[in-house]
>>> print(open('coords18.cif').read())   # mmCIF, N, CA and C atoms and all ligand atoms
data_my_file
#
loop_
_atom_site.label_atom_id
_atom_site.label_comp_id
_atom_site.auth_asym_id
_atom_site.auth_seq_id
_atom_site.Cartn_x
_atom_site.Cartn_y
_atom_site.Cartn_z
N MET R 1 7.10 -45.30 -8.02
CA MET R 1 6.27 -46.34 -8.64
C MET R 1 6.17 -47.56 -7.72
N LYS R 2 7.33 -48.01 -7.20
CA LYS R 2 7.35 -49.18 -6.32
C LYS R 2 6.58 -48.89 -5.04
N GLN R 3 6.74 -47.65 -4.54
CA GLN R 3 6.03 -47.25 -3.32
C GLN R 3 4.53 -47.17 -3.55
N LYS R 4 4.15 -46.69 -4.72
CA LYS R 4 2.73 -46.59 -5.06
C LYS R 4 2.08 -47.96 -5.06
N PHE R 5 2.81 -48.94 -5.65
CA PHE R 5 2.28 -50.31 -5.71
C PHE R 5 2.20 -50.90 -4.31
N ALA R 6 3.24 -50.66 -3.49
CA ALA R 6 3.25 -51.16 -2.12
C ALA R 6 2.07 -50.57 -1.33
N LYS R 7 1.81 -49.29 -1.56
CA LYS R 7 0.69 -48.61 -0.88
C LYS R 7 -0.65 -49.21 -1.35
N PHE R 8 -0.72 -49.51 -2.67
CA PHE R 8 -1.93 -50.09 -3.24
C PHE R 8 -2.19 -51.49 -2.66
N MET R 9 -1.11 -52.24 -2.48
CA MET R 9 -1.25 -53.63 -2.01
C MET R 9 -1.42 -53.72 -0.50
N TYR R 10 -1.26 -52.63 0.20
CA TYR R 10 -1.37 -52.67 1.66
C TYR R 10 -2.78 -53.11 2.08
N GLY R 11 -2.85 -54.15 2.92
CA GLY R 11 -4.14 -54.65 3.39
C GLY R 11 -4.81 -55.61 2.42
N ARG R 12 -4.17 -55.84 1.28
CA ARG R 12 -4.74 -56.77 0.30
C ARG R 12 -4.09 -58.15 0.46
N TYR R 13 -4.78 -59.16 -0.06
CA TYR R 13 -4.38 -60.54 0.21
C TYR R 13 -3.08 -60.96 -0.48
N GLY R 14 -2.93 -60.69 -1.76
CA GLY R 14 -1.71 -61.09 -2.47
C GLY R 14 -1.81 -62.48 -3.05
N MET R 15 -0.65 -63.01 -3.45
CA MET R 15 -0.60 -64.31 -4.14
C MET R 15 -0.52 -65.45 -3.13
N ASP R 16 -1.19 -66.54 -3.45
CA ASP R 16 -1.07 -67.76 -2.64
C ASP R 16 -1.10 -68.98 -3.55
N SER R 17 -1.12 -70.17 -2.96
CA SER R 17 -1.07 -71.41 -3.75
C SER R 17 -2.25 -71.54 -4.70
N LEU R 18 -3.44 -71.20 -4.23
CA LEU R 18 -4.63 -71.31 -5.08
C LEU R 18 -4.54 -70.36 -6.28
N SER R 19 -4.07 -69.14 -6.02
CA SER R 19 -3.93 -68.17 -7.11
C SER R 19 -2.88 -68.63 -8.13
N LYS R 20 -1.78 -69.20 -7.63
CA LYS R 20 -0.76 -69.74 -8.54
C LYS R 20 -1.34 -70.86 -9.39
N PHE R 21 -2.11 -71.75 -8.73
CA PHE R 21 -2.74 -72.85 -9.47
C PHE R 21 -3.67 -72.31 -10.55
N LEU R 22 -4.47 -71.30 -10.21
CA LEU R 22 -5.41 -70.72 -11.18
C LEU R 22 -4.66 -70.08 -12.35
N THR R 23 -3.51 -69.46 -12.06
CA THR R 23 -2.71 -68.85 -13.12
C THR R 23 -2.18 -69.93 -14.08
N TYR R 24 -1.64 -71.01 -13.51
CA TYR R 24 -1.14 -72.11 -14.36
C TYR R 24 -2.27 -72.75 -15.14
N LEU R 25 -3.43 -72.91 -14.49
CA LEU R 25 -4.59 -73.49 -15.17
C LEU R 25 -4.99 -72.63 -16.36
N ALA R 26 -5.00 -71.30 -16.15
CA ALA R 26 -5.34 -70.38 -17.24
C ALA R 26 -4.34 -70.52 -18.39
N LEU R 27 -3.07 -70.62 -18.06
CA LEU R 27 -2.04 -70.78 -19.08
C LEU R 27 -2.24 -72.07 -19.87
N ILE R 28 -2.50 -73.17 -19.16
CA ILE R 28 -2.73 -74.47 -19.81
C ILE R 28 -3.96 -74.40 -20.71
N LEU R 29 -5.03 -73.77 -20.20
CA LEU R 29 -6.26 -73.65 -21.00
C LEU R 29 -6.02 -72.86 -22.28
N ILE R 30 -5.23 -71.80 -22.20
CA ILE R 30 -4.92 -70.99 -23.39
C ILE R 30 -4.12 -71.82 -24.40
N ILE R 31 -3.12 -72.56 -23.89
CA ILE R 31 -2.29 -73.38 -24.79
C ILE R 31 -3.14 -74.46 -25.45
N VAL R 32 -4.00 -75.14 -24.65
CA VAL R 32 -4.85 -76.19 -25.20
C VAL R 32 -5.83 -75.62 -26.21
N SER R 33 -6.35 -74.42 -25.92
CA SER R 33 -7.35 -73.82 -26.82
C SER R 33 -6.79 -73.55 -28.22
N ALA R 34 -5.47 -73.41 -28.32
CA ALA R 34 -4.85 -73.16 -29.62
C ALA R 34 -5.02 -74.34 -30.58
N PHE R 35 -5.23 -75.55 -30.02
CA PHE R 35 -5.33 -76.75 -30.85
C PHE R 35 -6.77 -77.21 -31.05
N LEU R 36 -7.73 -76.41 -30.63
CA LEU R 36 -9.13 -76.84 -30.69
C LEU R 36 -9.89 -76.15 -31.82
N ARG R 37 -11.12 -76.67 -32.05
CA ARG R 37 -11.99 -76.10 -33.07
C ARG R 37 -12.52 -74.75 -32.56
N PRO R 38 -12.95 -73.89 -33.49
CA PRO R 38 -13.36 -72.52 -33.11
C PRO R 38 -14.32 -72.43 -31.91
N TYR R 39 -15.39 -73.25 -31.87
CA TYR R 39 -16.36 -73.11 -30.80
C TYR R 39 -15.76 -73.50 -29.45
N THR R 40 -15.09 -74.68 -29.38
CA THR R 40 -14.49 -75.11 -28.12
C THR R 40 -13.32 -74.21 -27.74
N LYS R 41 -12.68 -73.63 -28.75
CA LYS R 41 -11.57 -72.71 -28.49
C LYS R 41 -12.07 -71.52 -27.66
N ILE R 42 -13.25 -71.00 -28.04
CA ILE R 42 -13.84 -69.86 -27.32
C ILE R 42 -14.16 -70.25 -25.87
N VAL R 43 -14.71 -71.46 -25.70
CA VAL R 43 -15.05 -71.93 -24.35
C VAL R 43 -13.80 -71.98 -23.48
N PHE R 44 -12.73 -72.57 -24.02
CA PHE R 44 -11.48 -72.68 -23.25
C PHE R 44 -10.89 -71.30 -22.96
N PHE R 45 -10.99 -70.42 -23.96
CA PHE R 45 -10.46 -69.08 -23.77
C PHE R 45 -11.22 -68.33 -22.67
N VAL R 46 -12.55 -68.44 -22.70
CA VAL R 46 -13.37 -67.79 -21.67
C VAL R 46 -13.04 -68.36 -20.29
N LEU R 47 -12.86 -69.69 -20.21
CA LEU R 47 -12.49 -70.31 -18.93
C LEU R 47 -11.15 -69.78 -18.43
N SER R 48 -10.19 -69.65 -19.33
CA SER R 48 -8.88 -69.15 -18.92
C SER R 48 -8.97 -67.70 -18.45
N VAL R 49 -9.80 -66.88 -19.13
CA VAL R 49 -9.98 -65.49 -18.70
C VAL R 49 -10.64 -65.46 -17.31
N LEU R 50 -11.62 -66.36 -17.09
CA LEU R 50 -12.26 -66.44 -15.78
C LEU R 50 -11.24 -66.79 -14.68
N CYS R 51 -10.34 -67.74 -14.99
CA CYS R 51 -9.30 -68.13 -14.04
C CYS R 51 -8.41 -66.93 -13.70
N LEU R 52 -8.02 -66.18 -14.74
CA LEU R 52 -7.16 -65.01 -14.50
C LEU R 52 -7.91 -63.93 -13.71
N PHE R 53 -9.19 -63.73 -14.06
CA PHE R 53 -10.00 -62.76 -13.34
C PHE R 53 -10.08 -63.14 -11.86
N LEU R 54 -10.32 -64.44 -11.60
CA LEU R 54 -10.40 -64.95 -10.22
C LEU R 54 -9.08 -64.75 -9.48
N THR R 55 -7.96 -64.97 -10.19
CA THR R 55 -6.64 -64.77 -9.60
C THR R 55 -6.46 -63.32 -9.17
N TYR R 56 -6.76 -62.38 -10.08
CA TYR R 56 -6.61 -60.96 -9.74
C TYR R 56 -7.57 -60.54 -8.64
N PHE R 57 -8.80 -61.06 -8.70
CA PHE R 57 -9.78 -60.75 -7.67
C PHE R 57 -9.27 -61.18 -6.29
N ARG R 58 -8.69 -62.40 -6.24
CA ARG R 58 -8.19 -62.92 -4.97
C ARG R 58 -6.96 -62.13 -4.50
N CYS R 59 -6.06 -61.78 -5.44
CA CYS R 59 -4.84 -61.05 -5.08
C CYS R 59 -5.16 -59.67 -4.50
N PHE R 60 -6.13 -58.99 -5.10
CA PHE R 60 -6.42 -57.61 -4.69
C PHE R 60 -7.53 -57.53 -3.63
N SER R 61 -8.04 -58.68 -3.22
CA SER R 61 -9.12 -58.70 -2.23
C SER R 61 -8.63 -58.23 -0.87
N LYS R 62 -9.50 -57.51 -0.15
CA LYS R 62 -9.16 -57.06 1.20
C LYS R 62 -9.77 -57.97 2.26
N ASP R 63 -10.58 -58.94 1.81
CA ASP R 63 -11.18 -59.90 2.74
C ASP R 63 -10.20 -61.06 2.96
N VAL R 64 -9.15 -60.77 3.71
CA VAL R 64 -8.05 -61.73 3.90
C VAL R 64 -8.51 -63.04 4.56
N PRO R 65 -9.33 -63.02 5.63
CA PRO R 65 -9.73 -64.30 6.24
C PRO R 65 -10.46 -65.23 5.27
N LYS R 66 -11.33 -64.65 4.43
CA LYS R 66 -12.07 -65.47 3.47
C LYS R 66 -11.13 -66.09 2.43
N ARG R 67 -10.18 -65.28 1.92
CA ARG R 67 -9.23 -65.79 0.92
C ARG R 67 -8.34 -66.86 1.53
N ARG R 68 -7.96 -66.65 2.79
CA ARG R 68 -7.11 -67.63 3.48
C ARG R 68 -7.86 -68.95 3.66
N ALA R 69 -9.15 -68.86 4.00
CA ALA R 69 -9.97 -70.07 4.18
C ALA R 69 -10.09 -70.82 2.86
N GLU R 70 -10.25 -70.08 1.75
CA GLU R 70 -10.32 -70.72 0.43
C GLU R 70 -9.02 -71.45 0.12
N ASN R 71 -7.91 -70.80 0.46
CA ASN R 71 -6.60 -71.41 0.20
C ASN R 71 -6.40 -72.68 1.03
N VAL R 72 -6.86 -72.65 2.29
CA VAL R 72 -6.75 -73.83 3.16
C VAL R 72 -7.55 -74.99 2.58
N LYS R 73 -8.76 -74.69 2.09
CA LYS R 73 -9.60 -75.73 1.46
C LYS R 73 -8.90 -76.30 0.23
N TYR R 74 -8.32 -75.41 -0.58
CA TYR R 74 -7.61 -75.86 -1.79
C TYR R 74 -6.43 -76.76 -1.41
N LEU R 75 -5.66 -76.34 -0.40
CA LEU R 75 -4.48 -77.12 0.01
C LEU R 75 -4.89 -78.50 0.54
N ALA R 76 -6.02 -78.56 1.28
CA ALA R 76 -6.50 -79.85 1.78
C ALA R 76 -6.91 -80.75 0.63
N PHE R 77 -7.58 -80.17 -0.38
CA PHE R 77 -8.00 -80.92 -1.56
C PHE R 77 -6.79 -81.44 -2.32
N ARG R 78 -5.78 -80.57 -2.50
CA ARG R 78 -4.56 -80.94 -3.21
C ARG R 78 -3.81 -82.04 -2.46
N ARG R 79 -3.83 -81.93 -1.13
CA ARG R 79 -3.17 -82.92 -0.29
C ARG R 79 -3.80 -84.31 -0.46
N ARG R 80 -5.15 -84.33 -0.52
CA ARG R 80 -5.84 -85.61 -0.70
C ARG R 80 -5.44 -86.26 -2.02
N ILE R 81 -5.32 -85.48 -3.07
CA ILE R 81 -4.94 -86.01 -4.39
C ILE R 81 -3.50 -86.51 -4.37
N THR R 82 -2.57 -85.72 -3.82
CA THR R 82 -1.17 -86.15 -3.79
C THR R 82 -1.00 -87.39 -2.90
N ASP R 83 -1.74 -87.45 -1.78
CA ASP R 83 -1.68 -88.63 -0.91
C ASP R 83 -2.13 -89.88 -1.65
N TRP R 84 -3.20 -89.74 -2.46
CA TRP R 84 -3.72 -90.87 -3.22
C TRP R 84 -2.64 -91.40 -4.18
N PHE R 85 -1.96 -90.49 -4.87
CA PHE R 85 -0.92 -90.90 -5.81
C PHE R 85 0.31 -91.47 -5.09
N MET R 86 0.67 -90.89 -3.95
CA MET R 86 1.82 -91.38 -3.17
C MET R 86 1.54 -92.80 -2.67
N LEU R 87 0.31 -93.06 -2.23
CA LEU R 87 -0.06 -94.39 -1.76
C LEU R 87 0.05 -95.40 -2.90
N ARG R 88 -0.45 -95.03 -4.09
CA ARG R 88 -0.36 -95.93 -5.26
C ARG R 88 1.10 -96.19 -5.62
N ARG R 89 1.93 -95.17 -5.54
CA ARG R 89 3.35 -95.32 -5.84
C ARG R 89 4.01 -96.28 -4.85
N ASP R 90 3.69 -96.10 -3.55
CA ASP R 90 4.25 -96.99 -2.52
C ASP R 90 3.78 -98.43 -2.70
N MET R 91 2.50 -98.60 -3.05
CA MET R 91 1.96 -99.94 -3.27
C MET R 91 2.67 -100.60 -4.45
N TRP R 92 2.93 -99.81 -5.49
CA TRP R 92 3.62 -100.32 -6.68
C TRP R 92 5.05 -100.74 -6.33
N LYS R 93 5.73 -99.94 -5.49
CA LYS R 93 7.11 -100.25 -5.11
C LYS R 93 7.18 -101.52 -4.26
N GLN R 94 6.14 -101.76 -3.44
CA GLN R 94 6.14 -102.89 -2.51
C GLN R 94 5.40 -104.12 -3.05
N ARG R 95 5.01 -104.08 -4.32
CA ARG R 95 4.15 -105.12 -4.87
C ARG R 95 4.78 -106.51 -4.86
N LYS R 96 6.12 -106.60 -4.86
CA LYS R 96 6.77 -107.91 -4.88
C LYS R 96 6.81 -108.56 -3.50
N ASP R 97 6.79 -107.76 -2.44
CA ASP R 97 6.90 -108.28 -1.08
C ASP R 97 5.58 -108.31 -0.32
N TYR R 98 4.63 -107.48 -0.73
CA TYR R 98 3.38 -107.37 0.03
C TYR R 98 2.17 -107.44 -0.87
N LYS R 99 1.07 -107.86 -0.27
CA LYS R 99 -0.21 -107.84 -0.96
C LYS R 99 -1.13 -106.90 -0.19
N PHE R 100 -1.96 -106.18 -0.90
CA PHE R 100 -2.83 -105.19 -0.26
C PHE R 100 -4.29 -105.61 -0.36
N PHE R 101 -4.99 -105.47 0.76
CA PHE R 101 -6.42 -105.78 0.81
C PHE R 101 -7.15 -104.60 1.42
N LYS R 102 -8.43 -104.52 1.08
CA LYS R 102 -9.30 -103.55 1.74
C LYS R 102 -10.14 -104.29 2.76
N CYS R 103 -10.26 -103.74 3.94
CA CYS R 103 -11.08 -104.35 4.98
C CYS R 103 -12.53 -104.37 4.50
N PRO R 104 -13.22 -105.54 4.59
CA PRO R 104 -14.60 -105.60 4.08
C PRO R 104 -15.58 -104.73 4.87
N SER R 105 -15.28 -104.42 6.13
CA SER R 105 -16.26 -103.62 6.88
C SER R 105 -15.93 -102.13 6.93
N CYS R 106 -14.63 -101.76 7.15
CA CYS R 106 -14.33 -100.32 7.27
C CYS R 106 -13.57 -99.76 6.06
N LYS R 107 -13.24 -100.61 5.09
CA LYS R 107 -12.55 -100.20 3.84
C LYS R 107 -11.13 -99.67 4.06
N ALA R 108 -10.55 -99.96 5.23
CA ALA R 108 -9.16 -99.55 5.49
C ALA R 108 -8.23 -100.41 4.62
N LEU R 109 -7.11 -99.82 4.21
CA LEU R 109 -6.15 -100.55 3.39
C LEU R 109 -5.22 -101.35 4.30
N LEU R 110 -5.10 -102.65 4.03
CA LEU R 110 -4.27 -103.53 4.85
C LEU R 110 -3.17 -104.12 4.00
N ARG R 111 -1.97 -104.23 4.60
CA ARG R 111 -0.82 -104.76 3.89
C ARG R 111 -0.38 -106.05 4.57
N VAL R 112 -0.26 -107.12 3.79
CA VAL R 112 0.19 -108.41 4.35
C VAL R 112 1.35 -108.94 3.50
N PRO R 113 2.28 -109.70 4.15
CA PRO R 113 3.40 -110.25 3.37
C PRO R 113 2.91 -111.24 2.32
N LYS R 114 3.58 -111.27 1.19
CA LYS R 114 3.20 -112.14 0.07
C LYS R 114 3.78 -113.54 0.25
N GLY R 115 3.15 -114.52 -0.34
CA GLY R 115 3.67 -115.88 -0.39
C GLY R 115 3.53 -116.65 0.91
N LYS R 116 2.54 -116.34 1.73
CA LYS R 116 2.33 -117.05 3.00
C LYS R 116 1.15 -118.00 2.92
N GLY R 117 0.61 -118.19 1.73
CA GLY R 117 -0.55 -119.07 1.56
C GLY R 117 -1.82 -118.39 2.00
N ARG R 118 -2.77 -119.21 2.46
CA ARG R 118 -4.05 -118.64 2.92
C ARG R 118 -3.90 -118.22 4.38
N ILE R 119 -4.09 -116.95 4.64
CA ILE R 119 -3.91 -116.44 6.01
C ILE R 119 -5.15 -115.69 6.49
N ARG R 120 -5.20 -115.59 7.83
CA ARG R 120 -6.30 -114.85 8.45
C ARG R 120 -5.81 -113.43 8.69
N VAL R 121 -6.48 -112.47 8.08
CA VAL R 121 -6.09 -111.06 8.21
C VAL R 121 -7.03 -110.39 9.21
N VAL R 122 -6.44 -109.68 10.18
CA VAL R 122 -7.24 -108.94 11.17
C VAL R 122 -7.01 -107.45 10.94
N CYS R 123 -8.08 -106.73 10.75
CA CYS R 123 -7.99 -105.28 10.52
C CYS R 123 -7.56 -104.59 11.80
N LYS R 124 -6.52 -103.75 11.67
CA LYS R 124 -6.01 -103.04 12.85
C LYS R 124 -6.95 -101.93 13.29
N LYS R 125 -7.76 -101.47 12.35
CA LYS R 125 -8.62 -100.33 12.63
C LYS R 125 -9.91 -100.74 13.34
N CYS R 126 -10.56 -101.80 12.81
CA CYS R 126 -11.86 -102.17 13.38
C CYS R 126 -11.88 -103.57 13.98
N GLY R 127 -10.83 -104.38 13.76
CA GLY R 127 -10.75 -105.71 14.37
C GLY R 127 -11.45 -106.81 13.58
N THR R 128 -11.99 -106.50 12.43
CA THR R 128 -12.65 -107.51 11.60
C THR R 128 -11.62 -108.50 11.06
N ALA R 129 -11.93 -109.80 11.16
CA ALA R 129 -11.01 -110.82 10.66
C ALA R 129 -11.60 -111.47 9.41
N PHE R 130 -10.73 -111.72 8.43
CA PHE R 130 -11.16 -112.39 7.21
C PHE R 130 -9.98 -113.15 6.63
N GLU R 131 -10.27 -114.15 5.80
CA GLU R 131 -9.20 -114.98 5.22
C GLU R 131 -8.94 -114.57 3.78
N ARG R 132 -7.66 -114.55 3.44
CA ARG R 132 -7.27 -114.22 2.05
C ARG R 132 -6.03 -115.03 1.67
N LYS R 133 -5.90 -115.29 0.39
CA LYS R 133 -4.71 -115.98 -0.13
C LYS R 133 -3.67 -114.91 -0.46
N THR R 134 -2.44 -115.13 0.00
CA THR R 134 -1.39 -114.11 -0.25
C THR R 134 -0.40 -114.59 -1.31
ZN ZN X 201 -11.56 -102.65 9.23
#
>>> encode(input="coords18.cif", output="structure tokens", more="lines below")
Ligand SMILES: [Zn+2]
Amino acid sequence: MKQKFAKFMYGRYGMDSLSKFLTYLALILIIVSAFLRPYTKIVFFVLSVLCLFLTYFRCFSKDVPKRRAENVKYLAFRRRITDWFMLRRDMWKQRKDYKFFKCPSCKALLRVPKGKGRIRVVCKKCGTAFERKT
């Protein structure tokens, strides 16, 4: 039995981060659908089935380069979201010592020490200078 499955999976893509995410999403959708009205319940249930179908399709797919490229895109997207939250967490931790500004021309995030009065801030990225109260 184990050998049969191994033979079946030979050359197939298998599980990756995107497939795991889709599986968890399907599980969450099923749990949420239990608390909804009949019509929306069906919508959530169909979405969860689609997620599971996509997971199995990706796991058993033999087009490994395409599945890998999808996973890379997913990981980059996930990274952008986690980076956004990590930055907000760091800003929150440093809020007593630093003040944060966005550069008016390139929108880069700038950090300056707090309590220095009105200072001239120079963007490290583009060199634009502007005055702000800290
Ligand atoms: Zn700038």
>>> closest_atom_pairs(input="coords18.cif", of="chain R", to="ligand ZN 201 (chain X)", cutoff="7 Å", atoms="only N, CA and C atoms and all ligand atoms", output="JSON lines")
{"residue": "R:Lys102", "atom": "C", "partner": "X:ZN201", "partner_atom": "ZN", "distance": 6.8}
{"residue": "R:Cys103", "atom": "CA", "partner": "X:ZN201", "partner_atom": "ZN", "distance": 4.6}
{"residue": "R:Pro104", "atom": "N", "partner": "X:ZN201", "partner_atom": "ZN", "distance": 5.7}
{"residue": "R:Ser105", "atom": "C", "partner": "X:ZN201", "partner_atom": "ZN", "distance": 5.0}
{"residue": "R:Cys106", "atom": "N", "partner": "X:ZN201", "partner_atom": "ZN", "distance": 3.8}
{"residue": "R:Lys107", "atom": "N", "partner": "X:ZN201", "partner_atom": "ZN", "distance": 4.9}
{"residue": "R:Ala108", "atom": "N", "partner": "X:ZN201", "partner_atom": "ZN", "distance": 4.9}
{"residue": "R:Val122", "atom": "C", "partner": "X:ZN201", "partner_atom": "ZN", "distance": 6.8}
{"residue": "R:Cys123", "atom": "CA", "partner": "X:ZN201", "partner_atom": "ZN", "distance": 4.6}
{"residue": "R:Lys124", "atom": "N", "partner": "X:ZN201", "partner_atom": "ZN", "distance": 5.7}
{"residue": "R:Lys125", "atom": "C", "partner": "X:ZN201", "partner_atom": "ZN", "distance": 4.8}
{"residue": "R:Cys126", "atom": "N", "partner": "X:ZN201", "partner_atom": "ZN", "distance": 3.8}
{"residue": "R:Gly127", "atom": "N", "partner": "X:ZN201", "partner_atom": "ZN", "distance": 4.9}
{"residue": "R:Thr128", "atom": "N", "partner": "X:ZN201", "partner_atom": "ZN", "distance": 5.0}
>>> residues_around(input="coords18.cif", residues="Gly11 of chain R", least_positions_apart="5", cutoff="10 Å", atoms="only C-alpha atoms", output="PyMOL selection string")
chain R and resi 6+60-64
>>> atom_distance(input="coords18.cif", atom1="atom C of Ser48 of chain R", atom2="atom N of Ala26 of chain R")
5.8 Å
>>> residues_around(input="coords18.cif", residues="Arg120 of chain R", least_positions_apart="3", cutoff="12 Å", atoms="only C-alpha atoms", output="number ranges by chain")
R: 101, 112-113, 116-117, 123, 127-134
>>> write_last_selection(input="coords18.cif", atoms="N, CA and C atoms", output="compact mmCIF listing (two decimals), in the frame of the given file")
# COMPACT_ATOMS: atom_id res chain seq x y z
N PHE R 101 -4.99 -105.47 0.76
CA PHE R 101 -6.42 -105.78 0.81
C PHE R 101 -7.15 -104.60 1.42
N VAL R 112 -0.26 -107.12 3.79
CA VAL R 112 0.19 -108.41 4.35
C VAL R 112 1.35 -108.94 3.50
N PRO R 113 2.28 -109.70 4.15
CA PRO R 113 3.40 -110.25 3.37
C PRO R 113 2.91 -111.24 2.32
N LYS R 116 2.54 -116.34 1.73
CA LYS R 116 2.33 -117.05 3.00
C LYS R 116 1.15 -118.00 2.92
N GLY R 117 0.61 -118.19 1.73
CA GLY R 117 -0.55 -119.07 1.56
C GLY R 117 -1.82 -118.39 2.00
N CYS R 123 -8.08 -106.73 10.75
CA CYS R 123 -7.99 -105.28 10.52
C CYS R 123 -7.56 -104.59 11.80
N GLY R 127 -10.83 -104.38 13.76
CA GLY R 127 -10.75 -105.71 14.37
C GLY R 127 -11.45 -106.81 13.58
N THR R 128 -11.99 -106.50 12.43
CA THR R 128 -12.65 -107.51 11.60
C THR R 128 -11.62 -108.50 11.06
N ALA R 129 -11.93 -109.80 11.16
CA ALA R 129 -11.01 -110.82 10.66
C ALA R 129 -11.60 -111.47 9.41
N PHE R 130 -10.73 -111.72 8.43
CA PHE R 130 -11.16 -112.39 7.21
C PHE R 130 -9.98 -113.15 6.63
N GLU R 131 -10.27 -114.15 5.80
CA GLU R 131 -9.20 -114.98 5.22
C GLU R 131 -8.94 -114.57 3.78
N ARG R 132 -7.66 -114.55 3.44
CA ARG R 132 -7.27 -114.22 2.05
C ARG R 132 -6.03 -115.03 1.67
N LYS R 133 -5.90 -115.29 0.39
CA LYS R 133 -4.71 -115.98 -0.13
C LYS R 133 -3.67 -114.91 -0.46
N THR R 134 -2.44 -115.13 0.00
CA THR R 134 -1.39 -114.11 -0.25
C THR R 134 -0.40 -114.59 -1.31
>>> select_by_dssp(input="coords18.cif", residues="chain R", states="strand (DSSP E)", output="PyMOL selection string")
chain R and resi 98-102+109-113+118-122+129-133
>>> atom_distance(input="coords18.cif", atom1="atom C of Phe57 of chain R", atom2="atom N of Leu25 of chain R")
15.5 Å
>>> atom_distance(input="coords18.cif", atom1="atom N of Arg12 of chain R", atom2="atom C of Cys59 of chain R")
7.0 Å
>>> closest_residue(input="coords18.cif", among="R:Leu110, R:Arg118, R:Leu18, R:Lys4", to="Arg68 of chain R", atoms="only C-alpha atoms")
R:Leu18
>>> select_by_dssp(input="coords18.cif", residues="segment 33-133 of chain R", states="alpha helix (DSSP H)", output="MDAnalysis selection string")
chainID R and resid 33 38:60 64:93
